[in-house]
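Data block below; observations after.
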Amino acid sequence: MIQYVLRRLATSAIVVLGVSVITFIILHGMSGSPGRAILGVQASAEAVAAFNRENGYDDSIVVQYFSYLGKLLHGDLGYSYKLNQSVNALLAENAGRTAMLAGVALLLAIVIAVPLGVFQAVKRNSVGDNVVTTLTFVAYSMPVFLFAMLLIQVFALGLGILPAQASQSSSTFVIFTEPRAMLLPVLTLTGVTVALYSRYQRSAALDQLAQDYIRVARAKGLSTRMVLTRHLLRNACLPLVTLIGMTIPLLLAGNLVVESVFNYPGLGLLFFNSLNNQDYPVLLGYTLVASTLTVLGNLLADLLVAASDPRTQRA
Amino acid sequence: MTETVTDQKTPALIMPEATSGWRLAMRSFVQNRLAVIGLGTIVLLALFCFVGPHLYVTDQVSVDPVSSLLPPDGGHPLGTDAQGFDVLGRIMKGGQASLQIGLFAALIATAIGTLYGTVAGLIGGVVDGIMMRVVDTLLSIPFLFIVLIAATRFSSTVLSLSLILGAFSWLAPARLVRAEVLSLRSRGFVAASTVMGATKLRIITRHLIPNALGVVIVNITFQVADAIIAVSLLGFLGFGLNYPNVEWGTQLSNGVSYLFEGAWWLIYPVGGCLVLVVMAFNFVGDALRDSIDVRLRRR
């Protein structure tokens with residue numbers, strides 16, 4: 001186990017390092033001369049060159065990468081010249097609200113998708129299973145923003161019971177303080193995530209249903225409910241752990257779209273606004289954080305699965 | 001496997017039909033009703049978008065402010081948008097771009113991925129290890145993020161959007177093809193041809209490529225579906241084709257502001273087409289996977 005953990009840690013570290021190389025290359029290639037960006041278009045070429053020399057921006061690219069990496073290792077993600085704020089501060093300011101939105105949606109999605117998948121597997125090919133399969137297939141084939149627009153149409157414009165915009169409050173816990181204003185964004189993100197997970201959950205539960213231990217449990221005379229909750233559920237959740245780790249980039253992408261559609265001030269909206277400003281330090285800072293989260297998520301998922309299922313360690 | 005034992009009382013008499021694997025796959029595909037419906041939908045939508053404009057001619061170039069935001073009626077079956085363009089004609093025009101980008105991006109991604117995966121799988125060892133860490137690294141960067149960042153830098157044309165999407169979505173096919181090559185390499189029939197004196201080139205062209213092709217073809221279908229969704233996201237977030245060109249994402253994005261004024265015809269017809277075509281590609285992909293993968297094929 002220890003050897004497996006060490007190997008996984010090493011590959012994760014290499015991948016994160018690789019991500020930093022890529023973000024550096026893009027940052028370097030896209031944002032051009034930092035001196036020009038800071039001093040403005042009016043500055044003379046000499047002043048720009050002098051600024052770049054003083055701040056090490058005309059060193060060789062390798063030297064620049066290592067100074068970039070050094071800053072990253074000290075937790076410095078860079079500086080947004082457009083917003084005149086450090087990227088760290090910008091991300092920190094918005095991270096809480098995004099974590100709340102994405103976290104609540106993910107939690108809801110798991111709470112819905114797991115029982116739904118088990119229900120579908122137990123009642124496979126019934127009307128209920130087919131209806132759920134069709135609905136999730138449609139939702140799965142739908143871009144996030146379209147899903148959001150459908151919800152806005154029904155609940156905000158049609159029934160008029162929910163606002164079409166997210167709350168503009170700067171509180172981190174706005175989901176809990178103004179649940180009505182946050183219901184549609186949460187529902188959208190939950191809906192697309194359920195569509196993603198329930199297909200896997202159904203086939204995972206189907207696989208488990210065919211296993212011998214289920215038959216043994218039944219033969220012991222356990223009630224269906226006991227078999228499902230005590231035996232099946234735990235084993236059928238294992239693939240979901242891996243799946244959650246793998247779908248972090250999709251969740252973050254969905255979050256980006258939801259925040260732009262509902263105008264919810266978080267990391268997604270910051271990213272969207274930075275796209276339009278071509279504010280690359282912010283864009284790449286968030287990309288780096290998101291990629292690291294993805295790597296950590298995958299690592300955590302693999303370790304959890306390995307801890308609960310020793311067979312995987314040999315792979 | 002166990003149930004076949006019972007009817008093998010006279011094994012010598014049971015001769016398998018001399019049918020090729022591809023024909024078997026074809027038969028299994030045609031028997032799948034959803035797959036045929038999916039394929040039919042794709043063909044119909046392609047005809048609608050590419051042949052439709054020749055039968056239903058509309059002006060998609062000049063703005064007509066007088067007839068802006070007209071609800072559907074006889075003259076405009078799906079109404080007009082804010083610029084006065086006929087929405088039905090606009091859907092056809094936008095669909096051409098969306099379908100083209102989806103297909104191009106999928107082909108680019110598959111070409112790069114297949115080549116990369118085959119090379120990694122064939123060389124193996126340290127090179128394979130390095131090549132796969134590169135794939136892991138790129139896979140951990142959220143796709144939409146990197147694609148959006150790339151889109152800020154390039155002018156949006158059908159070609160540039162296809163290239164951007166293709167350039168970042170070859171990772172899944174690369175992994176699939178590598179795994180397939182690795183498993184094929186160690187199969188008995190490859191060892192047999194090596195023993196018979198086949199050259200490396202012959203093994204690659206006669207054995208590895210034809211056998212790995214199934215995985216690649218299945219993957220293309222899913223890639224198209226994903227690319228169509230991805231380009232609609234780019235369009236919706238404002239990085240789609242430039243006016244007066246349009247693809248479905250941009251069209252939806254333009255329609256959103258008028259949704260609040262009740263102009264539903266700007267959203268639902270085009271949104272429906274988008275979902276329909278993505279669903280159709282996913283159906284076909286699922287069915288192809290079931291019929292090409294022998295292990296999953298229904299017998």
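Letters A, B, ... mark the chains of the structure tokens in the order given; residue numbers begin at 1 per chain; ligand numbers begin at 1, in order shown.
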Within 9 Å of stretch 246-267 of chain B, which residues of stretch 219-238 of chain B come that close, and what is the closest atom pair and distance in Å for each? Count only C-alpha atoms and give it as JSON lines.
```
{"residue": "B:Ile229", "atom": "CA", "partner": "B:Gly249", "partner_atom": "CA", "distance": 8.5}
{"residue": "B:Val231", "atom": "CA", "partner": "B:Gly249", "partner_atom": "CA", "distance": 6.8}
{"residue": "B:Ser232", "atom": "CA", "partner": "B:Gly249", "partner_atom": "CA", "distance": 3.7}
{"residue": "B:Leu233", "atom": "CA", "partner": "B:Gly249", "partner_atom": "CA", "distance": 6.1}
{"residue": "B:Leu234", "atom": "CA", "partner": "B:Gly249", "partner_atom": "CA", "distance": 7.0}
{"residue": "B:Gly235", "atom": "CA", "partner": "B:Gly249", "partner_atom": "CA", "distance": 4.2}
{"residue": "B:Phe236", "atom": "CA", "partner": "B:Ser253", "partner_atom": "CA", "distance": 4.7}
{"residue": "B:Leu237", "atom": "CA", "partner": "B:Ser253", "partner_atom": "CA", "distance": 7.4}
{"residue": "B:Gly238", "atom": "CA", "partner": "B:Thr250", "partner_atom": "CA", "distance": 6.8}
```
With all heavy atoms retained, write the just-selected residues as a tab-separated table (two decimals), in the first residue's frame.
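That gives us part.tsv:
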```tsv
chain	number	residue	atom	x	y	z
B	229	ILE	N	-21.25	19.97	-28.75
B	229	ILE	CA	-21.59	20.62	-27.47
B	229	ILE	C	-20.55	21.69	-27.14
B	229	ILE	O	-20.88	22.81	-26.75
B	229	ILE	CB	-21.66	19.59	-26.33
B	229	ILE	CG1	-22.92	18.74	-26.49
B	229	ILE	CG2	-21.66	20.29	-24.97
B	229	ILE	CD1	-23.39	18.08	-25.23
B	231	VAL	N	-18.54	23.42	-29.08
B	231	VAL	CA	-18.58	24.62	-29.91
B	231	VAL	C	-19.82	25.45	-29.57
B	231	VAL	O	-19.79	26.68	-29.63
B	231	VAL	CB	-18.49	24.28	-31.41
B	231	VAL	CG1	-19.78	23.74	-31.94
B	231	VAL	CG2	-18.08	25.51	-32.19
B	232	SER	N	-20.89	24.78	-29.13
B	232	SER	CA	-22.07	25.56	-28.73
B	232	SER	C	-21.75	26.34	-27.44
B	232	SER	O	-22.21	27.47	-27.28
B	232	SER	CB	-23.27	24.65	-28.52
B	232	SER	OG	-23.21	24.01	-27.28
B	233	LEU	N	-20.93	25.75	-26.57
B	233	LEU	CA	-20.53	26.47	-25.35
B	233	LEU	C	-19.66	27.68	-25.71
B	233	LEU	O	-19.86	28.77	-25.18
B	233	LEU	CB	-19.75	25.55	-24.42
B	233	LEU	CG	-20.56	24.52	-23.64
B	233	LEU	CD1	-19.67	23.57	-22.90
B	233	LEU	CD2	-21.48	25.22	-22.66
B	234	LEU	N	-18.70	27.46	-26.63
B	234	LEU	CA	-17.86	28.59	-27.06
B	234	LEU	C	-18.73	29.69	-27.65
B	234	LEU	O	-18.56	30.86	-27.33
B	234	LEU	CB	-16.85	28.13	-28.11
B	234	LEU	CG	-15.67	27.27	-27.66
B	234	LEU	CD1	-14.71	27.05	-28.81
B	234	LEU	CD2	-14.96	27.93	-26.51
B	235	GLY	N	-19.66	29.30	-28.50
B	235	GLY	CA	-20.55	30.27	-29.13
B	235	GLY	C	-21.37	31.00	-28.09
B	235	GLY	O	-21.51	32.23	-28.13
B	236	PHE	N	-21.90	30.25	-27.15
B	236	PHE	CA	-22.76	30.86	-26.14
B	236	PHE	C	-21.99	31.86	-25.29
B	236	PHE	O	-22.51	32.89	-24.91
B	236	PHE	CB	-23.37	29.77	-25.24
B	236	PHE	CG	-24.34	30.31	-24.25
B	236	PHE	CD1	-25.63	30.64	-24.65
B	236	PHE	CD2	-23.98	30.51	-22.93
B	236	PHE	CE1	-26.53	31.16	-23.75
B	236	PHE	CE2	-24.88	31.04	-22.02
B	236	PHE	CZ	-26.16	31.36	-22.44
B	237	LEU	N	-20.72	31.54	-24.99
B	237	LEU	CA	-19.92	32.44	-24.16
B	237	LEU	C	-19.29	33.57	-24.97
B	237	LEU	O	-18.53	34.37	-24.44
B	237	LEU	CB	-18.83	31.64	-23.43
B	237	LEU	CG	-19.35	30.64	-22.40
B	237	LEU	CD1	-18.23	29.80	-21.83
B	237	LEU	CD2	-20.08	31.36	-21.27
B	238	GLY	N	-19.62	33.64	-26.26
B	238	GLY	CA	-19.19	34.78	-27.06
B	238	GLY	C	-17.94	34.54	-27.88
B	238	GLY	O	-17.34	35.50	-28.37
```
For chain B, which residues have at least one atom within 7 Å of chain A, if we go by only C-alpha atoms? Write them as an NGL selection string, please. :B and (133 or 136-137 or 140-142 or 144-145 or 149 or 152 or 229 or 233 or 271 or 275 or 278-279)
One decimal place gives the atom CA of B:Met132-atom CA of B:Arg175 separation as 7.9 Å
In Å, how far is it from atom CA of B:Pro71 to atom CA of B:Ala46?
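Straight-line distance from atom CA of B:Pro71 to atom CA of B:Ala46 works out to 25.8 Å.
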Using DSSP on the backbone coordinates, identify all residues within stretch 90-171 of chain A classified as alpha helix (DSSP H); present the result as a PyMOL selection string. chain A and resi 90-122+127-140+144-151
For atom CA of B:Leu176 and atom CA of B:Ile217, quote the distance in Å rounded to one decimal.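 Interatomic distance, atom CA of B:Leu176 to atom CA of B:Ile217: 11.4 Å.
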Residues within 12 Å of B:Thr110, please, as an MDAnalysis selection string. Count only C-alpha atoms; anything in the same chain fewer than 3 positions from it doesn't count.
chainID B and resid 103:107 113:118 165:177 213 215:224 227
Serialized selection, N, CA, C and O atoms, as a short mmCIF file (atom, residue, chain, number, x, y, z; two decimals), in the first residue's frame:
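This is the output file result33.cif:
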```cif
data_model
loop_
_atom_site.label_atom_id
_atom_site.label_comp_id
_atom_site.auth_asym_id
_atom_site.auth_seq_id
_atom_site.Cartn_x
_atom_site.Cartn_y
_atom_site.Cartn_z
N LEU B 103 -17.55 17.74 -36.89
CA LEU B 103 -16.93 16.66 -37.67
C LEU B 103 -15.42 16.90 -37.83
O LEU B 103 -14.62 16.00 -37.59
N PHE B 104 -15.05 18.12 -38.23
CA PHE B 104 -13.62 18.43 -38.41
C PHE B 104 -12.86 18.20 -37.11
O PHE B 104 -11.82 17.55 -37.10
N ALA B 105 -13.40 18.76 -36.02
CA ALA B 105 -12.70 18.65 -34.74
C ALA B 105 -12.52 17.19 -34.37
O ALA B 105 -11.45 16.78 -33.92
N ALA B 106 -13.58 16.39 -34.58
CA ALA B 106 -13.49 14.96 -34.23
C ALA B 106 -12.43 14.27 -35.08
O ALA B 106 -11.67 13.45 -34.59
N LEU B 107 -12.39 14.60 -36.37
CA LEU B 107 -11.42 13.96 -37.24
C LEU B 107 -9.99 14.36 -36.87
O LEU B 107 -9.09 13.52 -36.82
N GLY B 113 -4.78 11.63 -32.04
CA GLY B 113 -4.84 10.65 -30.96
C GLY B 113 -4.41 9.27 -31.40
O GLY B 113 -3.66 8.58 -30.71
N THR B 114 -4.88 8.86 -32.60
CA THR B 114 -4.54 7.53 -33.09
C THR B 114 -3.04 7.40 -33.32
O THR B 114 -2.40 6.44 -32.91
N LEU B 115 -2.50 8.43 -33.96
CA LEU B 115 -1.06 8.41 -34.25
C LEU B 115 -0.25 8.36 -32.95
O LEU B 115 0.65 7.53 -32.78
N TYR B 116 -0.63 9.24 -32.02
CA TYR B 116 0.09 9.35 -30.75
C TYR B 116 0.00 8.06 -29.97
O TYR B 116 1.01 7.53 -29.48
N GLY B 117 -1.22 7.53 -29.87
CA GLY B 117 -1.43 6.30 -29.10
C GLY B 117 -0.71 5.12 -29.71
O GLY B 117 -0.13 4.29 -28.99
N THR B 118 -0.72 5.03 -31.05
CA THR B 118 -0.05 3.91 -31.71
C THR B 118 1.46 3.98 -31.46
O THR B 118 2.08 2.97 -31.12
N LEU B 165 -10.58 23.01 -31.01
CA LEU B 165 -11.24 21.90 -30.32
C LEU B 165 -10.48 20.60 -30.55
O LEU B 165 -10.27 19.82 -29.63
N GLY B 166 -10.05 20.38 -31.81
CA GLY B 166 -9.33 19.15 -32.13
C GLY B 166 -8.01 19.06 -31.39
O GLY B 166 -7.61 18.00 -30.91
N ALA B 167 -7.34 20.22 -31.26
CA ALA B 167 -6.01 20.22 -30.66
C ALA B 167 -6.03 19.84 -29.19
O ALA B 167 -5.02 19.42 -28.65
N PHE B 168 -7.20 19.97 -28.55
CA PHE B 168 -7.25 19.65 -27.12
C PHE B 168 -8.14 18.46 -26.81
O PHE B 168 -8.38 18.16 -25.66
N SER B 169 -8.66 17.77 -27.83
CA SER B 169 -9.52 16.63 -27.49
C SER B 169 -9.01 15.31 -28.05
O SER B 169 -9.77 14.37 -28.18
N TRP B 170 -7.71 15.25 -28.36
CA TRP B 170 -7.15 13.99 -28.86
C TRP B 170 -6.69 13.07 -27.74
O TRP B 170 -6.19 11.98 -27.99
N LEU B 171 -6.85 13.53 -26.48
CA LEU B 171 -6.26 12.78 -25.37
C LEU B 171 -6.98 11.46 -25.12
O LEU B 171 -6.34 10.43 -24.93
N ALA B 172 -8.33 11.50 -25.14
CA ALA B 172 -9.07 10.26 -24.91
C ALA B 172 -8.78 9.22 -26.00
O ALA B 172 -8.44 8.08 -25.68
N PRO B 173 -8.87 9.59 -27.30
CA PRO B 173 -8.51 8.58 -28.30
C PRO B 173 -7.07 8.09 -28.18
O PRO B 173 -6.82 6.91 -28.41
N ALA B 174 -6.15 8.97 -27.80
CA ALA B 174 -4.75 8.52 -27.66
C ALA B 174 -4.65 7.41 -26.61
O ALA B 174 -4.00 6.39 -26.82
N ARG B 175 -5.34 7.61 -25.48
CA ARG B 175 -5.32 6.60 -24.42
C ARG B 175 -5.95 5.30 -24.89
O ARG B 175 -5.42 4.21 -24.66
N LEU B 176 -7.12 5.43 -25.55
CA LEU B 176 -7.84 4.24 -26.02
C LEU B 176 -6.98 3.44 -26.98
O LEU B 176 -6.84 2.22 -26.85
N VAL B 177 -6.41 4.13 -27.97
CA VAL B 177 -5.65 3.44 -29.01
C VAL B 177 -4.40 2.79 -28.41
O VAL B 177 -4.07 1.67 -28.73
N LEU B 213 -9.11 -0.41 -35.32
CA LEU B 213 -9.99 0.51 -36.03
C LEU B 213 -11.36 0.64 -35.36
O LEU B 213 -11.93 1.73 -35.32
N VAL B 215 -12.27 0.54 -32.22
CA VAL B 215 -12.23 1.48 -31.11
C VAL B 215 -12.22 2.92 -31.62
O VAL B 215 -12.91 3.79 -31.11
N VAL B 216 -11.42 3.12 -32.69
CA VAL B 216 -11.28 4.47 -33.24
C VAL B 216 -12.60 4.97 -33.80
O VAL B 216 -13.02 6.10 -33.55
N ILE B 217 -13.29 4.10 -34.54
CA ILE B 217 -14.55 4.51 -35.17
C ILE B 217 -15.59 4.86 -34.12
O ILE B 217 -16.27 5.89 -34.21
N VAL B 218 -15.70 4.02 -33.09
CA VAL B 218 -16.65 4.30 -32.02
C VAL B 218 -16.32 5.65 -31.40
O VAL B 218 -17.19 6.49 -31.15
N ASN B 219 -15.02 5.89 -31.20
CA ASN B 219 -14.61 7.12 -30.56
C ASN B 219 -14.97 8.36 -31.39
O ASN B 219 -15.35 9.39 -30.83
N ILE B 220 -14.85 8.25 -32.71
CA ILE B 220 -15.16 9.41 -33.56
C ILE B 220 -16.59 9.91 -33.29
O ILE B 220 -16.82 11.10 -33.13
N THR B 221 -17.53 8.95 -33.20
CA THR B 221 -18.93 9.33 -33.00
C THR B 221 -19.10 10.15 -31.72
O THR B 221 -19.76 11.19 -31.73
N PHE B 222 -18.49 9.67 -30.63
CA PHE B 222 -18.62 10.40 -29.37
C PHE B 222 -17.89 11.74 -29.46
O PHE B 222 -18.34 12.74 -28.90
N GLN B 223 -16.77 11.75 -30.19
CA GLN B 223 -16.02 13.00 -30.34
C GLN B 223 -16.86 14.06 -31.05
O GLN B 223 -16.83 15.22 -30.70
N VAL B 224 -17.60 13.62 -32.08
CA VAL B 224 -18.44 14.58 -32.81
C VAL B 224 -19.47 15.17 -31.85
O VAL B 224 -19.66 16.40 -31.78
N ALA B 227 -17.80 17.55 -29.50
CA ALA B 227 -17.33 18.77 -30.16
C ALA B 227 -18.50 19.70 -30.48
O ALA B 227 -18.37 20.92 -30.38
#
```
